[in-house]
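Data file: upload-v9.pdb. Format and content: PDB, C-alpha atoms.
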```pdb
ATOM      1  CA  MET A  18      24.653   1.436  12.616  1.00  0.00           C
ATOM      2  CA  SER A  19      26.173   2.869  15.746  1.00  0.00           C
ATOM      3  CA  THR A  20      27.070   0.671  18.692  1.00  0.00           C
ATOM      4  CA  LYS A  21      24.438   2.419  20.792  1.00  0.00           C
ATOM      5  CA  LYS A  22      21.694   1.777  18.235  1.00  0.00           C
ATOM      6  CA  LEU A  23      22.800  -1.843  17.860  1.00  0.00           C
ATOM      7  CA  ALA A  24      22.668  -2.342  21.635  1.00  0.00           C
ATOM      8  CA  LEU A  25      19.254  -0.680  21.893  1.00  0.00           C
ATOM      9  CA  SER A  26      17.980  -2.774  18.973  1.00  0.00           C
ATOM     10  CA  ALA A  27      19.085  -5.939  20.762  1.00  0.00           C
ATOM     11  CA  LEU A  28      17.374  -4.729  23.918  1.00  0.00           C
ATOM     12  CA  PHE A  29      14.146  -3.990  22.020  1.00  0.00           C
ATOM     13  CA  ILE A  30      14.241  -7.396  20.305  1.00  0.00           C
ATOM     14  CA  CYS A  31      14.800  -9.214  23.602  1.00  0.00           C
ATOM     15  CA  PHE A  32      12.114  -7.251  25.397  1.00  0.00           C
ATOM     16  CA  ALA A  33       9.579  -7.837  22.605  1.00  0.00           C
ATOM     17  CA  ALA A  34      10.442 -11.545  22.419  1.00  0.00           C
ATOM     18  CA  ALA A  35      10.110 -11.878  26.191  1.00  0.00           C
ATOM     19  CA  LEU A  36       6.676 -10.230  26.065  1.00  0.00           C
ATOM     20  CA  SER A  37       5.621 -12.532  23.219  1.00  0.00           C
ATOM     21  CA  ALA A  38       6.936 -15.621  24.987  1.00  0.00           C
ATOM     22  CA  LEU A  39       5.340 -14.598  28.274  1.00  0.00           C
ATOM     23  CA  GLU A  40       2.033 -14.174  26.517  1.00  0.00           C
ATOM     24  CA  THR A  41       2.168 -17.728  25.143  1.00  0.00           C
ATOM     25  CA  MET A  42       2.926 -19.092  28.608  1.00  0.00           C
ATOM     26  CA  LEU A  43       0.077 -17.292  30.374  1.00  0.00           C
ATOM     27  CA  PRO A  44      -3.371 -18.867  30.536  1.00  0.00           C
ATOM     28  CA  PRO A  45      -5.519 -17.771  27.593  1.00  0.00           C
ATOM     29  CA  ILE A  46      -7.721 -14.709  28.080  1.00  0.00           C
ATOM     30  CA  VAL A  47     -10.595 -16.479  26.322  1.00  0.00           C
ATOM     31  CA  PRO A  48     -10.981 -20.203  25.637  1.00  0.00           C
ATOM     32  CA  ILE A  49     -10.561 -19.764  21.884  1.00  0.00           C
ATOM     33  CA  GLU A  50      -7.322 -20.938  20.237  1.00  0.00           C
ATOM     34  CA  GLY A  51      -5.204 -18.265  18.573  1.00  0.00           C
ATOM     35  CA  ILE A  52      -6.506 -15.226  20.409  1.00  0.00           C
ATOM     36  CA  ARG A  53      -3.714 -13.218  21.970  1.00  0.00           C
ATOM     37  CA  VAL A  54      -3.246  -9.571  22.822  1.00  0.00           C
ATOM     38  CA  GLY A  55       0.034  -9.167  20.941  1.00  0.00           C
ATOM     39  CA  LEU A  56       2.165  -7.670  23.696  1.00  0.00           C
ATOM     40  CA  GLY A  57       5.312  -7.796  21.525  1.00  0.00           C
ATOM     41  CA  ASN A  58       3.738  -5.177  19.261  1.00  0.00           C
ATOM     42  CA  ILE A  59       4.089  -2.592  22.027  1.00  0.00           C
ATOM     43  CA  VAL A  60       7.819  -2.564  21.286  1.00  0.00           C
ATOM     44  CA  THR A  61       7.253  -2.409  17.518  1.00  0.00           C
ATOM     45  CA  LEU A  62       4.945   0.581  18.003  1.00  0.00           C
ATOM     46  CA  PHE A  63       7.564   2.218  20.213  1.00  0.00           C
ATOM     47  CA  VAL A  64      10.249   1.819  17.539  1.00  0.00           C
ATOM     48  CA  LEU A  65       7.891   3.111  14.831  1.00  0.00           C
ATOM     49  CA  TYR A  66       6.987   6.243  16.791  1.00  0.00           C
ATOM     50  CA  ILE A  67      10.222   7.160  18.590  1.00  0.00           C
ATOM     51  CA  GLY A  68      11.776   8.971  15.610  1.00  0.00           C
ATOM     52  CA  GLY A  69      15.350  10.194  15.612  1.00  0.00           C
ATOM     53  CA  VAL A  70      17.701   7.554  14.208  1.00  0.00           C
ATOM     54  CA  TRP A  71      14.864   4.979  14.227  1.00  0.00           C
ATOM     55  CA  ASN A  72      12.878   4.299  11.070  1.00  0.00           C
ATOM     56  CA  GLY A  73      10.451   1.797   9.578  1.00  0.00           C
ATOM     57  CA  ALA A  74      13.216  -0.614   8.566  1.00  0.00           C
ATOM     58  CA  ASP A  75      14.290  -0.842  12.202  1.00  0.00           C
ATOM     59  CA  ALA A  76      10.746  -1.760  13.199  1.00  0.00           C
ATOM     60  CA  PHE A  77      10.725  -4.556  10.593  1.00  0.00           C
ATOM     61  CA  ILE A  78      14.031  -5.899  11.925  1.00  0.00           C
ATOM     62  CA  VAL A  79      12.772  -5.817  15.516  1.00  0.00           C
ATOM     63  CA  THR A  80       9.556  -7.570  14.462  1.00  0.00           C
ATOM     64  CA  ILE A  81      11.194 -10.386  12.499  1.00  0.00           C
ATOM     65  CA  LEU A  82      13.929 -11.060  15.035  1.00  0.00           C
ATOM     66  CA  ARG A  83      11.394 -10.893  17.889  1.00  0.00           C
ATOM     67  CA  CYS A  84       9.343 -13.624  16.200  1.00  0.00           C
ATOM     68  CA  LEU A  85      12.393 -15.828  15.684  1.00  0.00           C
ATOM     69  CA  LEU A  86      13.660 -15.322  19.228  1.00  0.00           C
ATOM     70  CA  ALA A  87      10.206 -15.989  20.700  1.00  0.00           C
ATOM     71  CA  VAL A  88      10.134 -19.286  18.795  1.00  0.00           C
ATOM     72  CA  LEU A  89      13.468 -20.239  20.358  1.00  0.00           C
ATOM     73  CA  ILE A  90      12.152 -19.371  23.815  1.00  0.00           C
ATOM     74  CA  THR A  91       8.823 -21.189  23.490  1.00  0.00           C
ATOM     75  CA  GLY A  92      10.062 -24.111  21.365  1.00  0.00           C
ATOM     76  CA  SER A  93       7.220 -23.841  18.877  1.00  0.00           C
ATOM     77  CA  PRO A  94       8.698 -23.650  15.339  1.00  0.00           C
ATOM     78  CA  SER A  95       5.311 -23.653  13.610  1.00  0.00           C
ATOM     79  CA  ARG A  96       4.634 -20.297  15.233  1.00  0.00           C
ATOM     80  CA  ALA A  97       7.559 -18.797  13.303  1.00  0.00           C
ATOM     81  CA  LEU A  98       5.680 -18.884   9.991  1.00  0.00           C
ATOM     82  CA  TYR A  99       2.560 -17.394  11.509  1.00  0.00           C
ATOM     83  CA  GLY A 100       4.481 -14.852  13.556  1.00  0.00           C
ATOM     84  CA  ILE A 101       6.720 -13.600  10.774  1.00  0.00           C
ATOM     85  CA  SER A 102       4.004 -13.432   8.100  1.00  0.00           C
ATOM     86  CA  GLY A 103       1.631 -11.685  10.483  1.00  0.00           C
ATOM     87  CA  GLY A 104       4.364  -9.507  11.943  1.00  0.00           C
ATOM     88  CA  VAL A 105       5.642  -8.243   8.591  1.00  0.00           C
ATOM     89  CA  LEU A 106       2.138  -7.349   7.386  1.00  0.00           C
ATOM     90  CA  ALA A 107       1.331  -5.765  10.754  1.00  0.00           C
ATOM     91  CA  CYS A 108       4.500  -3.686  10.696  1.00  0.00           C
ATOM     92  CA  ALA A 109       3.754  -2.505   7.144  1.00  0.00           C
ATOM     93  CA  ALA A 110       0.198  -1.573   8.136  1.00  0.00           C
ATOM     94  CA  MET A 111       1.372   0.286  11.248  1.00  0.00           C
ATOM     95  CA  LEU A 112       3.977   2.158   9.216  1.00  0.00           C
ATOM     96  CA  ALA A 113       1.281   3.160   6.702  1.00  0.00           C
ATOM     97  CA  ALA A 114      -1.143   4.124   9.481  1.00  0.00           C
ATOM     98  CA  ARG A 115       1.497   6.273  11.166  1.00  0.00           C
ATOM     99  CA  GLY A 116       1.957   8.126   7.879  1.00  0.00           C
ATOM    100  CA  LEU A 117      -1.726   9.063   7.735  1.00  0.00           C
ATOM    101  CA  PHE A 118      -1.347  11.566  10.542  1.00  0.00           C
ATOM    102  CA  PRO A 119       0.657  14.790  10.600  1.00  0.00           C
ATOM    103  CA  LYS A 120       3.952  15.016  12.407  1.00  0.00           C
ATOM    104  CA  LYS A 121       4.146  17.189  15.494  1.00  0.00           C
ATOM    105  CA  ASP A 122       6.665  19.293  17.335  1.00  0.00           C
ATOM    106  CA  GLY A 123       8.095  17.889  20.515  1.00  0.00           C
ATOM    107  CA  VAL A 124      10.224  15.046  21.777  1.00  0.00           C
ATOM    108  CA  ILE A 125       8.281  12.438  19.791  1.00  0.00           C
ATOM    109  CA  PRO A 126       7.832  13.457  16.120  1.00  0.00           C
ATOM    110  CA  TYR A 127       4.581  11.510  15.735  1.00  0.00           C
ATOM    111  CA  ASP A 128       1.386  12.147  17.647  1.00  0.00           C
ATOM    112  CA  GLU A 129       1.130   9.314  20.144  1.00  0.00           C
ATOM    113  CA  ARG A 130      -2.632   9.884  20.498  1.00  0.00           C
ATOM    114  CA  PHE A 131      -3.014   7.851  17.294  1.00  0.00           C
ATOM    115  CA  LEU A 132      -1.179   4.808  18.682  1.00  0.00           C
ATOM    116  CA  PRO A 133      -4.393   2.882  19.491  1.00  0.00           C
ATOM    117  CA  PHE A 134      -5.558   3.298  15.883  1.00  0.00           C
ATOM    118  CA  THR A 135      -2.132   2.288  14.612  1.00  0.00           C
ATOM    119  CA  GLY A 136      -2.182  -0.743  16.919  1.00  0.00           C
ATOM    120  CA  VAL A 137      -5.594  -1.815  15.604  1.00  0.00           C
ATOM    121  CA  CYS A 138      -4.385  -1.525  11.991  1.00  0.00           C
ATOM    122  CA  GLY A 139      -1.366  -3.655  12.815  1.00  0.00           C
ATOM    123  CA  ALA A 140      -3.429  -6.268  14.648  1.00  0.00           C
ATOM    124  CA  ILE A 141      -5.902  -6.615  11.782  1.00  0.00           C
ATOM    125  CA  PHE A 142      -3.113  -7.070   9.253  1.00  0.00           C
ATOM    126  CA  HIS A 143      -1.365  -9.489  11.596  1.00  0.00           C
ATOM    127  CA  ILE A 144      -4.498 -11.638  11.458  1.00  0.00           C
ATOM    128  CA  ALA A 145      -4.545 -11.291   7.662  1.00  0.00           C
ATOM    129  CA  GLY A 146      -0.960 -12.577   7.455  1.00  0.00           C
ATOM    130  CA  GLN A 147      -1.709 -15.470   9.766  1.00  0.00           C
ATOM    131  CA  MET A 148      -4.862 -16.429   7.877  1.00  0.00           C
ATOM    132  CA  LEU A 149      -2.999 -16.332   4.561  1.00  0.00           C
ATOM    133  CA  THR A 150      -0.340 -18.593   6.064  1.00  0.00           C
ATOM    134  CA  ALA A 151      -2.991 -20.982   7.384  1.00  0.00           C
ATOM    135  CA  VAL A 152      -4.674 -21.172   3.960  1.00  0.00           C
ATOM    136  CA  LEU A 153      -1.331 -21.941   2.319  1.00  0.00           C
ATOM    137  CA  LEU A 154      -0.268 -24.487   4.957  1.00  0.00           C
ATOM    138  CA  PHE A 155      -3.588 -26.317   5.222  1.00  0.00           C
ATOM    139  CA  GLY A 156      -4.499 -25.954   1.548  1.00  0.00           C
ATOM    140  CA  THR A 157      -8.079 -24.983   2.288  1.00  0.00           C
ATOM    141  CA  LYS A 158      -9.994 -21.757   2.518  1.00  0.00           C
ATOM    142  CA  TYR A 159     -12.226 -23.123   5.290  1.00  0.00           C
ATOM    143  CA  VAL A 160      -9.829 -21.801   7.913  1.00  0.00           C
ATOM    144  CA  LEU A 161     -11.085 -18.339   6.922  1.00  0.00           C
ATOM    145  CA  ALA A 162     -14.361 -19.070   8.749  1.00  0.00           C
ATOM    146  CA  TYR A 163     -12.435 -18.231  11.919  1.00  0.00           C
ATOM    147  CA  THR A 164     -11.601 -14.733  10.641  1.00  0.00           C
ATOM    148  CA  PRO A 165     -14.510 -12.730  12.166  1.00  0.00           C
ATOM    149  CA  ILE A 166     -13.633 -13.942  15.659  1.00  0.00           C
ATOM    150  CA  LEU A 167      -9.965 -13.136  15.145  1.00  0.00           C
ATOM    151  CA  ILE A 168     -10.703  -9.682  13.679  1.00  0.00           C
ATOM    152  CA  THR A 169     -12.849  -8.841  16.700  1.00  0.00           C
ATOM    153  CA  SER A 170     -10.060  -9.873  19.040  1.00  0.00           C
ATOM    154  CA  ALA A 171      -7.553  -7.955  16.892  1.00  0.00           C
ATOM    155  CA  VAL A 172      -9.464  -4.707  17.338  1.00  0.00           C
ATOM    156  CA  ILE A 173      -9.508  -5.142  21.113  1.00  0.00           C
ATOM    157  CA  GLY A 174      -5.895  -6.357  21.358  1.00  0.00           C
ATOM    158  CA  GLY A 175      -4.585  -3.729  18.929  1.00  0.00           C
ATOM    159  CA  ALA A 176      -6.272  -0.925  20.841  1.00  0.00           C
ATOM    160  CA  PHE A 177      -4.798  -2.284  24.075  1.00  0.00           C
ATOM    161  CA  THR A 178      -1.238  -2.512  22.731  1.00  0.00           C
ATOM    162  CA  GLY A 179      -1.581   0.959  21.224  1.00  0.00           C
ATOM    163  CA  LEU A 180      -2.754   2.335  24.559  1.00  0.00           C
ATOM    164  CA  CYS A 181       0.176   0.628  26.311  1.00  0.00           C
ATOM    165  CA  ALA A 182       2.641   2.177  23.854  1.00  0.00           C
ATOM    166  CA  MET A 183       0.968   5.581  24.284  1.00  0.00           C
ATOM    167  CA  LEU A 184       1.285   5.312  28.073  1.00  0.00           C
ATOM    168  CA  LEU A 185       4.916   4.259  27.675  1.00  0.00           C
ATOM    169  CA  PHE A 186       5.670   7.434  25.726  1.00  0.00           C
ATOM    170  CA  ARG A 187       3.833   9.567  28.248  1.00  0.00           C
ATOM    171  CA  LYS A 188       5.492   8.021  31.313  1.00  0.00           C
ATOM    172  CA  LEU A 189       9.106   7.690  30.154  1.00  0.00           C
ATOM    173  CA  PRO A 190      11.255  10.694  31.056  1.00  0.00           C
ATOM    174  CA  LYS A 191      11.899  13.065  28.137  1.00  0.00           C
ATOM    175  CA  LYS A 192      15.649  12.810  28.761  1.00  0.00           C
ATOM    176  CA  LEU A 193      15.512   9.024  28.300  1.00  0.00           C
ATOM    177  CA  LEU A 194      13.445   9.373  25.107  1.00  0.00           C
ATOM    178  CA  ASN A 195      15.929  11.928  23.755  1.00  0.00           C
ATOM    179  CA  GLY A 196      18.795   9.543  24.504  1.00  0.00           C
ATOM    180  CA  ILE A 197      17.103   6.674  22.650  1.00  0.00           C
ATOM    181  CA  GLN A 198      16.442   8.858  19.616  1.00  0.00           C
ATOM    182  CA  LYS A 199      20.107   9.796  19.106  1.00  0.00           C
TER
END
```
Exercise: express the given structure as structure tokens:
Amino acid sequence: MSTKKLALSALFICFAAALSALETMLPPIVPIEGIRVGLGNIVTLFVLYIGGVWNGADAFIVTILRCLLAVLITGSPSRALYGISGGVLACAAMLAARGLFPKKDGVIPYDERFLPFTGVCGAIFHIAGQMLTAVLLFGTKYVLAYTPILITSAVIGGAFTGLCAMLLFRKLPKKLLNGIQK
């Protein structure tokens, strides 16, 4: 890994962790425990779609280290299990979703119009990872009764994070994007 890529990776991890930590510190959007937008996934989507020297493995690294760093910032170790299990499944789902669509010519090798769909796939699988963790930790399947509410919020939050990532790609200067890719 080049020094530039290592420095950018650290920047992406810190930015994603700060977004995740900020989200936990803000008042909840709805008065239902566990519903969050998933702002840290904007960075994961960016890494998945940027192309160049960045690949799926880099997105997994950013995701896992973001979850660990966010736990250090917020001081909530129990969130690490939920965050990492959900994050790894979400990243895998987003990587698979990205592969469903054809590549394109241009600065970004993947069509950013599909980012909202990719974000929704990731959010749904994030919920799946968290619910699996909850079943294992609590030893009961009754926690799954909460799933329909979480899936609904995942569709909304995933679409939002995908739209944010799409806007990021559209607003960042092409020269900056080219520099990140190399």
TODO: Go through A:Ser37, A:Thr164, A:Gln198, A:Thr135 and flag the residue nearest Trp71 of chain A, using only C-alpha atoms for the distances.
DONE: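 Under the stated criterion, the closest residue is A:Gln198.
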Task: Test item: the PyMOL selection byres ((chain A and resi 110) around 10) resolved as a PyMOL selection string - done: chain A and resi 104-109+111-116+135-143
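Atom to atom, atom CA of Ala182 of chain A and atom CA of Asn58 of chain A stand 8.7 Å apart.
Taking only C-alpha atoms into account, Leu62 of chain A lies nearest to A:Leu180 out of the set A:Cys31, A:Ala87, A:Ala145, A:Leu180.
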Task: segment 121-134 of chain A surroundings by all atoms listed in the file, 7 Å radius, close-in-sequence under 3 positions cut, as a PyMOL selection string - done: chain A and resi 66-68+137-138+175-177+179-180+182-183+191+195
